[in-house]
$ cat upload-v6.csv   # CSV, C-alpha atoms
chain,number,residue,atom,x,y,z
B,1,MET,CA,17.3,-49.1,11.4
B,2,SER,CA,17.2,-47.3,14.8
B,3,LYS,CA,14.3,-47.9,17.3
B,4,GLY,CA,13.0,-44.4,16.7
B,5,ARG,CA,13.1,-44.7,12.9
B,6,ALA,CA,11.4,-48.1,13.1
B,7,GLU,CA,8.6,-46.8,15.3
B,8,ALA,CA,8.1,-43.9,12.8
B,9,ALA,CA,8.0,-46.3,9.9
B,10,ALA,CA,5.4,-48.5,11.7
B,11,GLY,CA,3.2,-45.5,12.2
B,12,ALA,CA,3.7,-44.1,8.7
B,13,PRO,CA,0.6,-45.4,7.1
B,14,GLY,CA,-1.7,-43.8,9.6
B,15,ILE,CA,0.2,-40.5,9.4
B,16,LEU,CA,0.2,-40.4,5.6
B,17,LEU,CA,-3.5,-41.4,5.4
B,18,ARG,CA,-4.5,-38.6,7.8
B,19,TYR,CA,-2.3,-36.1,5.9
B,20,LEU,CA,-3.7,-36.9,2.5
B,21,GLN,CA,-7.3,-36.7,3.8
B,22,GLU,CA,-6.7,-33.4,5.4
B,23,GLN,CA,-4.9,-31.8,2.4
B,24,ASN,CA,-7.2,-33.5,-0.1
B,25,ARG,CA,-4.9,-32.9,-3.0
B,26,PRO,CA,-2.5,-35.1,-5.1
B,27,TYR,CA,1.1,-35.6,-4.0
B,28,SER,CA,4.1,-37.6,-5.2
B,29,ALA,CA,6.0,-39.7,-2.7
B,30,GLN,CA,8.8,-37.1,-2.8
B,31,ASP,CA,6.3,-34.3,-2.0
B,32,VAL,CA,5.0,-36.2,1.0
B,33,PHE,CA,8.5,-37.1,2.2
B,34,GLY,CA,9.6,-33.5,2.0
B,35,ASN,CA,6.5,-32.2,3.8
B,36,LEU,CA,6.5,-34.7,6.7
B,37,GLN,CA,10.2,-35.6,7.1
B,38,ARG,CA,11.1,-32.9,9.7
B,39,GLU,CA,7.9,-33.2,11.7
B,40,HIS,CA,7.6,-37.0,11.9
B,41,GLY,CA,11.2,-38.2,11.1
B,42,LEU,CA,10.1,-40.5,8.3
B,43,GLY,CA,12.6,-41.9,5.8
B,44,LYS,CA,11.9,-41.8,2.1
B,45,THR,CA,11.7,-45.6,1.9
B,46,ALA,CA,9.2,-45.8,4.7
B,47,VAL,CA,7.1,-43.1,3.0
B,48,VAL,CA,7.1,-45.0,-0.4
B,49,LYS,CA,6.2,-48.3,1.3
B,50,ALA,CA,3.4,-46.8,3.4
B,51,LEU,CA,1.9,-45.1,0.3
B,52,GLU,CA,2.0,-48.3,-1.7
B,53,GLN,CA,0.5,-50.2,1.2
B,54,LEU,CA,-2.4,-47.7,1.5
B,55,ALA,CA,-3.1,-47.8,-2.2
B,56,GLN,CA,-3.2,-51.6,-2.2
B,57,GLN,CA,-5.6,-51.5,0.7
B,58,GLY,CA,-7.8,-49.1,-1.2
B,59,LYS,CA,-7.5,-46.4,1.4
B,60,ILE,CA,-6.0,-43.9,-1.0
B,61,LYS,CA,-5.9,-43.7,-4.8
B,62,GLU,CA,-2.8,-44.1,-7.0
B,63,LYS,CA,-2.2,-42.8,-10.5
B,64,MET,CA,0.7,-42.6,-12.9
B,65,TYR,CA,1.6,-39.0,-13.9
B,66,GLY,CA,4.4,-39.1,-16.4
B,67,LYS,CA,7.1,-41.3,-14.9
B,68,GLN,CA,6.0,-40.9,-11.3
B,69,LYS,CA,3.2,-42.0,-9.2
B,70,ILE,CA,0.7,-39.6,-7.7
B,71,TYR,CA,-1.2,-40.4,-4.5
B,72,PHE,CA,-4.4,-38.7,-3.2
B,73,ALA,CA,-7.3,-39.4,-0.9
B,74,ASP,CA,-10.3,-41.5,-2.0
B,75,GLN,CA,-12.9,-38.9,-3.0
B,76,ASP,CA,-15.8,-41.3,-2.3
B,77,GLN,CA,-15.3,-40.8,1.4
B,78,PHE,CA,-16.2,-37.1,1.1
B,79,ASP,CA,-19.8,-35.8,1.2
B,80,MET,CA,-21.2,-34.8,-2.2
B,81,VAL,CA,-21.8,-31.1,-2.6
B,82,SER,CA,-25.1,-30.0,-4.1
B,83,ASP,CA,-25.5,-27.3,-6.7
B,84,ALA,CA,-27.3,-25.2,-4.1
B,85,ASP,CA,-24.3,-25.5,-1.7
B,86,LEU,CA,-21.9,-24.5,-4.6
B,87,GLN,CA,-24.0,-21.5,-5.4
B,88,GLY,CA,-24.0,-20.5,-1.7
B,89,LEU,CA,-20.2,-20.8,-1.6
B,90,ASP,CA,-20.0,-18.8,-4.8
B,91,ALA,CA,-22.1,-16.0,-3.2
B,92,LYS,CA,-19.9,-16.0,-0.2
B,93,ILE,CA,-16.8,-15.8,-2.4
B,94,VAL,CA,-18.3,-12.8,-4.2
B,95,ALA,CA,-19.2,-11.1,-1.0
B,96,LEU,CA,-15.8,-11.7,0.5
B,97,THR,CA,-14.0,-10.5,-2.7
B,98,ALA,CA,-16.1,-7.3,-2.5
B,99,THR,CA,-15.1,-6.8,1.1
B,100,VAL,CA,-11.4,-7.4,0.4
B,101,GLN,CA,-11.6,-4.9,-2.5
B,102,GLY,CA,-13.3,-2.3,-0.2
B,103,LEU,CA,-10.6,-2.8,2.4
B,104,GLN,CA,-7.8,-2.5,-0.2
B,105,GLN,CA,-9.4,0.8,-1.4
B,106,SER,CA,-9.6,2.1,2.1
B,107,CYS,CA,-5.9,1.2,2.6
B,108,ARG,CA,-4.9,3.0,-0.5
B,109,HIS,CA,-6.8,6.1,0.7
B,110,MET,CA,-5.2,6.0,4.1
B,111,GLU,CA,-1.7,5.5,2.5
B,112,ALA,CA,-2.3,8.5,0.3
B,113,GLU,CA,-3.4,10.6,3.3
B,114,LEU,CA,-0.4,9.4,5.3
B,115,LYS,CA,1.9,10.3,2.5
B,116,GLU,CA,0.3,13.8,2.3
B,117,LEU,CA,0.6,14.3,6.0
B,118,THR,CA,4.3,13.2,6.1
B,119,SER,CA,5.2,15.5,3.2
B,120,ALA,CA,3.5,18.6,4.7
B,121,LEU,CA,5.5,21.1,6.6
B,122,THR,CA,5.6,20.8,10.4
B,123,THR,CA,4.7,23.9,12.6
B,124,PRO,CA,8.4,24.8,13.2
B,125,GLU,CA,9.1,24.4,9.5
B,126,MET,CA,6.2,26.6,8.6
B,127,GLN,CA,7.2,29.3,11.1
B,128,LYS,CA,10.7,29.3,9.7
B,129,GLU,CA,9.3,29.6,6.2
B,130,ILE,CA,7.1,32.5,7.2
B,131,GLN,CA,10.1,34.3,8.9
B,132,GLU,CA,12.1,33.9,5.7
B,133,LEU,CA,9.2,35.2,3.6
B,134,LYS,CA,8.8,38.2,5.9
B,135,LYS,CA,12.5,39.0,5.5
B,136,GLU,CA,12.4,38.6,1.8
B,137,CYS,CA,9.2,40.7,1.6
B,138,ALA,CA,10.8,43.5,3.7
B,139,GLY,CA,13.2,44.1,0.8
B,140,TYR,CA,10.3,44.2,-1.7
B,141,ASN,CA,8.3,46.4,0.7
B,142,GLU,CA,11.2,48.9,0.7
B,143,ARG,CA,11.3,48.9,-3.1
B,144,LEU,CA,7.5,49.4,-3.3
B,145,ARG,CA,7.8,52.4,-0.9
B,146,ASN,CA,10.5,53.9,-3.1
B,147,ILE,CA,8.3,53.3,-6.2
B,148,LYS,CA,5.3,55.0,-4.4
B,149,ALA,CA,7.5,58.0,-3.5
B,150,ALA,CA,8.2,58.5,-7.2
B,151,THR,CA,4.7,57.7,-8.5
B,152,ASN,CA,5.1,59.9,-11.5
B,153,HIS,CA,8.0,57.7,-12.7
B,154,VAL,CA,6.3,54.3,-12.2
B,155,THR,CA,5.3,52.6,-15.4
B,156,PRO,CA,2.5,49.9,-15.6
B,157,GLU,CA,5.3,47.4,-16.5
B,158,GLU,CA,7.2,48.1,-13.3
B,159,LYS,CA,4.0,47.9,-11.2
B,160,GLU,CA,3.2,44.5,-12.9
B,161,GLN,CA,6.7,43.2,-12.2
B,162,ALA,CA,6.4,44.2,-8.5
B,163,THR,CA,3.0,42.5,-8.3
B,164,GLU,CA,4.4,39.3,-9.9
B,165,LEU,CA,7.2,39.2,-7.3
B,166,CYS,CA,4.7,39.4,-4.4
B,167,ASP,CA,2.5,36.8,-6.1
B,168,ALA,CA,5.5,34.4,-6.3
B,169,ILE,CA,6.0,34.8,-2.6
B,170,LEU,CA,2.4,34.4,-1.7
B,171,GLU,CA,2.2,30.9,-3.5
B,172,GLY,CA,3.6,29.2,-0.4
B,173,TYR,CA,1.8,31.4,2.2
B,174,PRO,CA,-1.1,29.6,4.0
B,175,LYS,CA,-3.2,32.8,4.6
B,176,SER,CA,-4.9,35.3,2.3
B,177,LYS,CA,-3.0,38.0,0.4
B,178,LYS,CA,-4.5,40.8,2.5
B,179,GLN,CA,-3.6,39.0,5.7
B,180,PHE,CA,0.0,38.5,4.5
B,181,PHE,CA,0.3,42.2,3.5
B,182,GLU,CA,-1.0,43.3,6.9
B,183,GLU,CA,1.4,40.9,8.7
B,184,VAL,CA,4.5,42.0,7.0
B,185,GLY,CA,3.5,45.7,6.6
B,186,ILE,CA,3.1,45.9,2.9
B,187,GLU,CA,1.1,48.9,1.8
B,188,THR,CA,-0.8,48.9,-1.5
B,189,ASP,CA,-1.8,51.6,-3.9
B,190,GLU,CA,-5.3,51.3,-2.6
B,191,ASP,CA,-4.1,52.2,1.0
B,192,TYR,CA,-2.9,55.5,-0.4
B,193,ASN,CA,-5.7,56.0,-2.9
B,194,VAL,CA,-3.0,56.1,-5.6
B,195,LYS,CA,-4.0,55.6,-9.2
B,196,LEU,CA,-1.4,55.2,-11.9
B,197,PRO,CA,-1.8,57.2,-15.1
B,198,ASP,CA,-3.1,55.3,-18.1
B,199,PRO,CA,-0.3,54.2,-20.4

$ encode --input "upload-v6.csv" --output "C-alpha coordinates"
Amino acid sequence: MSKGRAEAAAGAPGILLRYLQEQNRPYSAQDVFGNLQREHGLGKTAVVKALEQLAQQGKIKEKMYGKQKIYFADQDQFDMVSDADLQGLDAKIVALTATVQGLQQSCRHMEAELKELTSALTTPEMQKEIQELKKECAGYNERLRNIKAATNHVTPEEKEQATELCDAILEGYPKSKKQFFEEVGIETDEDYNVKLPDP
(Lines of atoms letter the chains of each structure in order from A and count residues from 1; the text may use other names and numbers.)
(Lines give C-alpha, C1' and ligand atoms only; values in the text may rest on other atoms or scores of the structure.)
Protein backbone atom coordinates (compact mmCIF):
# COMPACT_ATOMS: atom_id res chain seq x y z
CA MET A 1 0.00 0.00 0.00
CA SER A 2 1.39 3.41 -0.97
CA LYS A 3 1.99 6.11 1.65
CA GLY A 4 -0.87 8.24 0.30
CA ARG A 5 -3.31 5.34 0.29
CA ALA A 6 -2.20 4.34 3.82
CA GLU A 7 -2.83 7.89 5.10
CA ALA A 8 -6.25 7.91 3.42
CA ALA A 9 -7.13 4.56 5.02
CA ALA A 10 -6.05 5.82 8.44
CA GLY A 11 -8.34 8.82 8.12
CA ALA A 12 -11.21 6.83 6.64
CA PRO A 13 -13.25 6.34 9.86
CA GLY A 14 -13.42 10.10 10.50
CA ILE A 15 -14.28 10.86 6.87
CA LEU A 16 -17.00 8.21 6.73
CA LEU A 17 -18.52 9.17 10.10
CA ARG A 18 -18.77 12.82 9.06
CA TYR A 19 -20.23 11.84 5.68
CA LEU A 20 -22.95 9.58 7.15
CA GLN A 21 -23.90 12.23 9.73
CA GLU A 22 -24.15 14.97 7.10
CA GLN A 23 -26.18 12.88 4.65
CA ASN A 24 -28.24 11.16 7.39
CA ARG A 25 -29.45 8.38 5.12
CA PRO A 26 -28.56 4.67 4.73
CA TYR A 27 -25.73 3.57 2.45
CA SER A 28 -24.10 0.30 1.51
CA ALA A 29 -20.31 0.04 1.59
CA GLN A 30 -20.36 0.12 -2.24
CA ASP A 31 -22.40 3.36 -2.22
CA VAL A 32 -20.00 5.05 0.21
CA PHE A 33 -16.98 3.87 -1.78
CA GLY A 34 -18.47 5.14 -5.05
CA ASN A 35 -19.37 8.53 -3.57
CA LEU A 36 -16.07 9.22 -1.80
CA GLN A 37 -13.48 7.37 -3.90
CA ARG A 38 -12.59 10.25 -6.20
CA GLU A 39 -12.59 13.00 -3.57
CA HIS A 40 -10.65 11.18 -0.84
CA GLY A 41 -8.84 8.39 -2.72
CA LEU A 42 -10.22 5.64 -0.47
CA GLY A 43 -9.98 2.01 -1.53
CA LYS A 44 -12.98 -0.29 -1.18
CA THR A 45 -11.25 -2.45 1.44
CA ALA A 46 -10.47 0.62 3.56
CA VAL A 47 -14.09 1.78 3.31
CA VAL A 48 -15.47 -1.62 4.40
CA LYS A 49 -13.05 -1.85 7.32
CA ALA A 50 -13.75 1.71 8.46
CA LEU A 51 -17.53 1.15 8.37
CA GLU A 52 -17.25 -2.09 10.34
CA GLN A 53 -14.98 -0.36 12.88
CA LEU A 54 -17.44 2.53 13.33
CA ALA A 55 -20.34 0.10 13.75
CA GLN A 56 -18.41 -1.91 16.39
CA GLN A 57 -17.65 1.31 18.25
CA GLY A 58 -21.36 2.21 18.20
CA LYS A 59 -20.73 5.45 16.30
CA ILE A 60 -22.95 4.33 13.40
CA LYS A 61 -25.68 1.71 12.99
CA GLU A 62 -25.43 -1.40 10.85
CA LYS A 63 -28.30 -3.53 9.47
CA MET A 64 -28.59 -6.41 7.05
CA TYR A 65 -30.70 -5.57 4.02
CA GLY A 66 -31.07 -8.65 1.88
CA LYS A 67 -27.56 -9.96 1.37
CA GLN A 68 -25.74 -6.71 2.02
CA LYS A 69 -25.07 -4.53 5.03
CA ILE A 70 -26.49 -1.04 5.27
CA TYR A 71 -24.83 1.67 7.36
CA PHE A 72 -26.38 4.89 8.69
CA ALA A 73 -25.82 7.53 11.35
CA ASP A 74 -26.99 6.87 14.92
CA GLN A 75 -30.33 8.72 15.11
CA ASP A 76 -30.03 9.19 18.90
CA GLN A 77 -27.46 11.95 18.34
CA PHE A 78 -29.97 14.14 16.51
CA ASP A 79 -32.38 16.45 18.31
CA MET A 80 -35.97 15.30 18.61
CA VAL A 81 -38.42 17.27 16.49
CA SER A 82 -41.70 18.22 18.20
CA ASP A 83 -45.12 18.04 16.56
CA ALA A 84 -45.24 21.84 16.58
CA ASP A 85 -41.94 21.97 14.68
CA LEU A 86 -43.24 19.44 12.16
CA GLN A 87 -46.42 21.46 11.66
CA GLY A 88 -44.34 24.58 11.14
CA LEU A 89 -42.24 22.79 8.54
CA ASP A 90 -45.41 21.50 6.84
CA ALA A 91 -46.76 25.05 6.67
CA LYS A 92 -43.50 26.26 5.12
CA ILE A 93 -43.66 23.44 2.57
CA VAL A 94 -47.24 24.39 1.63
CA ALA A 95 -46.27 28.07 1.28
CA LEU A 96 -43.19 27.26 -0.81
CA THR A 97 -45.19 24.87 -2.98
CA ALA A 98 -47.76 27.63 -3.64
CA THR A 99 -44.93 30.03 -4.51
CA VAL A 100 -43.38 27.52 -6.91
CA GLN A 101 -46.75 26.90 -8.58
CA GLY A 102 -47.28 30.66 -8.94
CA LEU A 103 -43.85 31.07 -10.52
CA GLN A 104 -44.48 28.15 -12.87
CA GLN A 105 -47.78 29.71 -13.95
CA SER A 106 -46.06 33.06 -14.54
CA CYS A 107 -43.41 31.29 -16.62
CA ARG A 108 -46.12 29.61 -18.72
CA HIS A 109 -47.79 33.00 -19.33
CA MET A 110 -44.48 34.57 -20.32
CA GLU A 111 -43.62 31.65 -22.61
CA ALA A 112 -47.02 31.98 -24.31
CA GLU A 113 -46.53 35.74 -24.71
CA LEU A 114 -43.02 35.22 -26.10
CA LYS A 115 -44.32 32.64 -28.56
CA GLU A 116 -47.04 35.06 -29.68
CA LEU A 117 -44.54 37.88 -30.13
CA THR A 118 -42.08 35.75 -32.09
CA SER A 119 -44.84 34.47 -34.38
CA ALA A 120 -46.19 37.99 -35.11
CA LEU A 121 -45.19 39.81 -38.29
CA THR A 122 -42.33 42.31 -37.99
CA THR A 123 -42.82 45.87 -39.27
CA PRO A 124 -41.01 45.23 -42.60
CA GLU A 125 -43.02 42.04 -43.08
CA MET A 126 -46.25 43.89 -42.33
CA GLN A 127 -45.34 46.66 -44.80
CA LYS A 128 -44.58 44.08 -47.47
CA GLU A 129 -47.89 42.35 -46.76
CA ILE A 130 -49.76 45.68 -47.07
CA GLN A 131 -48.06 46.44 -50.40
CA GLU A 132 -49.06 43.04 -51.74
CA LEU A 133 -52.62 43.58 -50.53
CA LYS A 134 -52.73 47.01 -52.16
CA LYS A 135 -51.56 45.52 -55.46
CA GLU A 136 -54.10 42.75 -55.23
CA CYS A 137 -56.86 45.20 -54.32
CA ALA A 138 -56.03 47.45 -57.25
CA GLY A 139 -57.22 44.67 -59.55
CA TYR A 140 -60.40 44.22 -57.56
CA ASN A 141 -60.91 47.98 -57.50
CA GLU A 142 -60.75 48.08 -61.29
CA ARG A 143 -63.31 45.29 -61.49
CA LEU A 144 -65.57 47.15 -59.07
CA ARG A 145 -65.31 50.34 -61.18
CA ASN A 146 -66.32 48.37 -64.24
CA ILE A 147 -69.23 46.85 -62.34
CA LYS A 148 -70.33 50.30 -61.17
CA ALA A 149 -70.14 51.61 -64.76
CA ALA A 150 -72.63 48.92 -65.75
CA THR A 151 -74.89 49.18 -62.72
CA ASN A 152 -77.95 48.01 -64.60
CA HIS A 153 -76.22 44.69 -65.33
CA VAL A 154 -74.99 43.96 -61.76
CA THR A 155 -76.84 41.21 -59.95
CA PRO A 156 -76.96 40.86 -56.14
CA GLU A 157 -74.96 37.63 -56.52
CA GLU A 158 -72.15 39.46 -58.32
CA LYS A 159 -72.10 42.21 -55.72
CA GLU A 160 -71.95 39.61 -52.92
CA GLN A 161 -69.08 37.84 -54.66
CA ALA A 162 -67.13 41.11 -54.90
CA THR A 163 -67.82 41.86 -51.26
CA GLU A 164 -66.57 38.39 -50.26
CA LEU A 165 -63.34 38.96 -52.18
CA CYS A 166 -62.73 42.22 -50.30
CA ASP A 167 -63.59 40.60 -46.97
CA ALA A 168 -61.08 37.83 -47.64
CA ILE A 169 -58.35 40.41 -48.17
CA LEU A 170 -59.36 42.41 -45.11
CA GLU A 171 -58.90 39.40 -42.79
CA GLY A 172 -55.16 40.02 -42.57
CA TYR A 173 -55.34 43.83 -42.57
CA PRO A 174 -54.64 45.47 -39.16
CA LYS A 175 -56.85 48.56 -39.65
CA SER A 176 -60.58 49.05 -40.17
CA LYS A 177 -62.41 48.28 -43.42
CA LYS A 178 -63.12 51.98 -44.07
CA GLN A 179 -59.45 52.93 -43.51
CA PHE A 180 -58.34 50.18 -45.86
CA PHE A 181 -60.76 51.30 -48.61
CA GLU A 182 -59.54 54.88 -48.23
CA GLU A 183 -55.87 53.84 -48.30
CA VAL A 184 -56.09 51.76 -51.48
CA GLY A 185 -58.71 53.99 -53.16
CA ILE A 186 -61.67 51.60 -53.23
CA GLU A 187 -64.97 53.43 -53.72
CA THR A 188 -68.17 51.88 -52.43
CA ASP A 189 -71.74 52.09 -53.65
CA GLU A 190 -72.41 54.42 -50.73
CA ASP A 191 -69.80 56.86 -52.07
CA TYR A 192 -71.86 57.21 -55.26
CA ASN A 193 -75.25 56.84 -53.58
CA VAL A 194 -75.85 53.83 -55.80
CA LYS A 195 -78.65 51.47 -54.85
CA LEU A 196 -79.01 48.13 -56.56
CA PRO A 197 -82.49 47.16 -57.75
CA ASP A 198 -84.25 44.56 -55.66
CA PRO A 199 -83.92 41.06 -57.14

$ atom_distance --input "upload-v6.csv" --atom1 "atom CA of B:Gly41" --atom2 "atom CA of B:Gly58"
25.1 Å

$ residues_around --input "upload-v6.csv" --residues "stretch 172-183 of chain B" --least-positions-apart "4" --cutoff "12 Å" --atoms "all atoms listed in the file" --output "NGL selection string"
:B and (120-121 or 123 or 126-135 or 137-138 or 140-141 or 163 or 166-168 or 187-188 or 190-191)

$ atom_distance --input "upload-v6.csv" --atom1 "atom CA of B:Ala12" --atom2 "atom CA of B:Leu54"
10.1 Å

$ closest_residue --input "upload-v6.csv" --among "B:Ala84, B:Gly14, B:Pro26, B:Asn146" --to "B:Gln53" --atoms "all atoms listed in the file"
B:Gly14

$ closest_residue --input "upload-v6.csv" --among "B:Val47, B:Leu114, B:Ala73, B:Ala91" --to "B:Arg25" --atoms "all atoms listed in the file"
B:Ala73

$ residues_around --input "upload-v6.csv" --residues "B:Glu52" --least-positions-apart "5" --cutoff "12 Å" --atoms "all atoms listed in the file" --output "PyMOL selection string"
chain B and resi 12-13+16-17+28-29+45-47+57-63+69-72

$ closest_residue --input "upload-v6.csv" --among "B:Leu51, B:Leu144, B:Asp76, B:Asp31" --to "B:Ile15" --atoms "all atoms listed in the file"
B:Leu51

$ atom_distance --input "upload-v6.csv" --atom1 "atom CA of B:Gln30" --atom2 "atom CA of B:Lys44"
7.5 Å

$ closest_residue --input "upload-v6.csv" --among "B:Leu42, B:Gln87, B:Thr97, B:Ala55" --to "B:Asp74" --atoms "only C-alpha atoms"
B:Ala55

$ build_atoms --input "upload-v6.csv" --residues "stretch 91-102 of chain B" --atoms "all heavy atoms" --output "CSV table (one decimal), in the frame of the given file"
chain,number,residue,atom,x,y,z
B,91,ALA,N,-21.6,-17.3,-3.7
B,91,ALA,CA,-22.1,-16.0,-3.2
B,91,ALA,C,-21.2,-15.5,-2.1
B,91,ALA,O,-20.9,-14.3,-2.0
B,91,ALA,CB,-23.5,-16.2,-2.7
B,92,LYS,N,-20.8,-16.4,-1.2
B,92,LYS,CA,-19.9,-16.0,-0.2
B,92,LYS,C,-18.5,-15.5,-0.7
B,92,LYS,O,-18.0,-14.5,-0.2
B,92,LYS,CB,-19.6,-17.2,0.8
B,92,LYS,CG,-20.7,-17.5,1.7
B,92,LYS,CD,-20.4,-18.6,2.7
B,92,LYS,CE,-21.5,-19.0,3.6
B,92,LYS,NZ,-21.2,-20.1,4.5
B,93,ILE,N,-18.0,-16.2,-1.8
B,93,ILE,CA,-16.8,-15.8,-2.4
B,93,ILE,C,-16.9,-14.4,-3.0
B,93,ILE,O,-16.0,-13.5,-2.8
B,93,ILE,CB,-16.3,-16.8,-3.5
B,93,ILE,CG1,-15.9,-18.1,-2.8
B,93,ILE,CG2,-15.2,-16.2,-4.3
B,93,ILE,CD1,-15.7,-19.2,-3.8
B,94,VAL,N,-18.0,-14.1,-3.7
B,94,VAL,CA,-18.3,-12.8,-4.2
B,94,VAL,C,-18.3,-11.7,-3.2
B,94,VAL,O,-17.7,-10.7,-3.3
B,94,VAL,CB,-19.6,-12.8,-5.1
B,94,VAL,CG1,-20.0,-11.4,-5.5
B,94,VAL,CG2,-19.5,-13.7,-6.3
B,95,ALA,N,-19.1,-12.0,-2.1
B,95,ALA,CA,-19.2,-11.1,-1.0
B,95,ALA,C,-17.8,-10.8,-0.3
B,95,ALA,O,-17.5,-9.6,0.0
B,95,ALA,CB,-20.2,-11.6,0.1
B,96,LEU,N,-17.1,-11.9,-0.1
B,96,LEU,CA,-15.8,-11.7,0.5
B,96,LEU,C,-14.8,-10.9,-0.4
B,96,LEU,O,-14.0,-10.1,0.1
B,96,LEU,CB,-15.2,-13.1,0.9
B,96,LEU,CG,-15.8,-13.8,2.1
B,96,LEU,CD1,-15.3,-15.2,2.2
B,96,LEU,CD2,-15.6,-13.0,3.4
B,97,THR,N,-14.9,-11.2,-1.7
B,97,THR,CA,-14.0,-10.5,-2.7
B,97,THR,C,-14.4,-9.0,-2.6
B,97,THR,O,-13.4,-8.2,-2.6
B,97,THR,CB,-14.3,-11.1,-4.1
B,97,THR,OG1,-14.0,-12.4,-4.1
B,97,THR,CG2,-13.4,-10.3,-5.1
B,98,ALA,N,-15.7,-8.7,-2.6
B,98,ALA,CA,-16.1,-7.3,-2.5
B,98,ALA,C,-15.5,-6.6,-1.2
B,98,ALA,O,-15.1,-5.5,-1.2
B,98,ALA,CB,-17.6,-7.1,-2.6
B,99,THR,N,-15.6,-7.4,-0.1
B,99,THR,CA,-15.1,-6.8,1.1
B,99,THR,C,-13.6,-6.6,1.1
B,99,THR,O,-13.1,-5.5,1.5
B,99,THR,CB,-15.4,-7.8,2.3
B,99,THR,OG1,-16.8,-8.1,2.4
B,99,THR,CG2,-14.9,-7.3,3.6
B,100,VAL,N,-12.9,-7.5,0.5
B,100,VAL,CA,-11.4,-7.4,0.4
B,100,VAL,C,-11.1,-6.2,-0.5
B,100,VAL,O,-10.2,-5.4,-0.2
B,100,VAL,CB,-10.8,-8.7,-0.3
B,100,VAL,CG1,-9.4,-8.4,-0.7
B,100,VAL,CG2,-10.9,-9.8,0.7
B,101,GLN,N,-11.8,-6.0,-1.6
B,101,GLN,CA,-11.6,-4.9,-2.5
B,101,GLN,C,-11.8,-3.5,-1.8
B,101,GLN,O,-11.1,-2.6,-2.0
B,101,GLN,CB,-12.4,-5.0,-3.8
B,101,GLN,CG,-12.0,-6.1,-4.7
B,101,GLN,CD,-12.9,-6.3,-5.9
B,101,GLN,OE1,-14.0,-5.8,-5.9
B,101,GLN,NE2,-12.5,-7.0,-6.9
B,102,GLY,N,-12.9,-3.5,-1.0
B,102,GLY,CA,-13.3,-2.3,-0.2
B,102,GLY,C,-12.2,-2.0,0.8
B,102,GLY,O,-11.8,-0.8,0.9
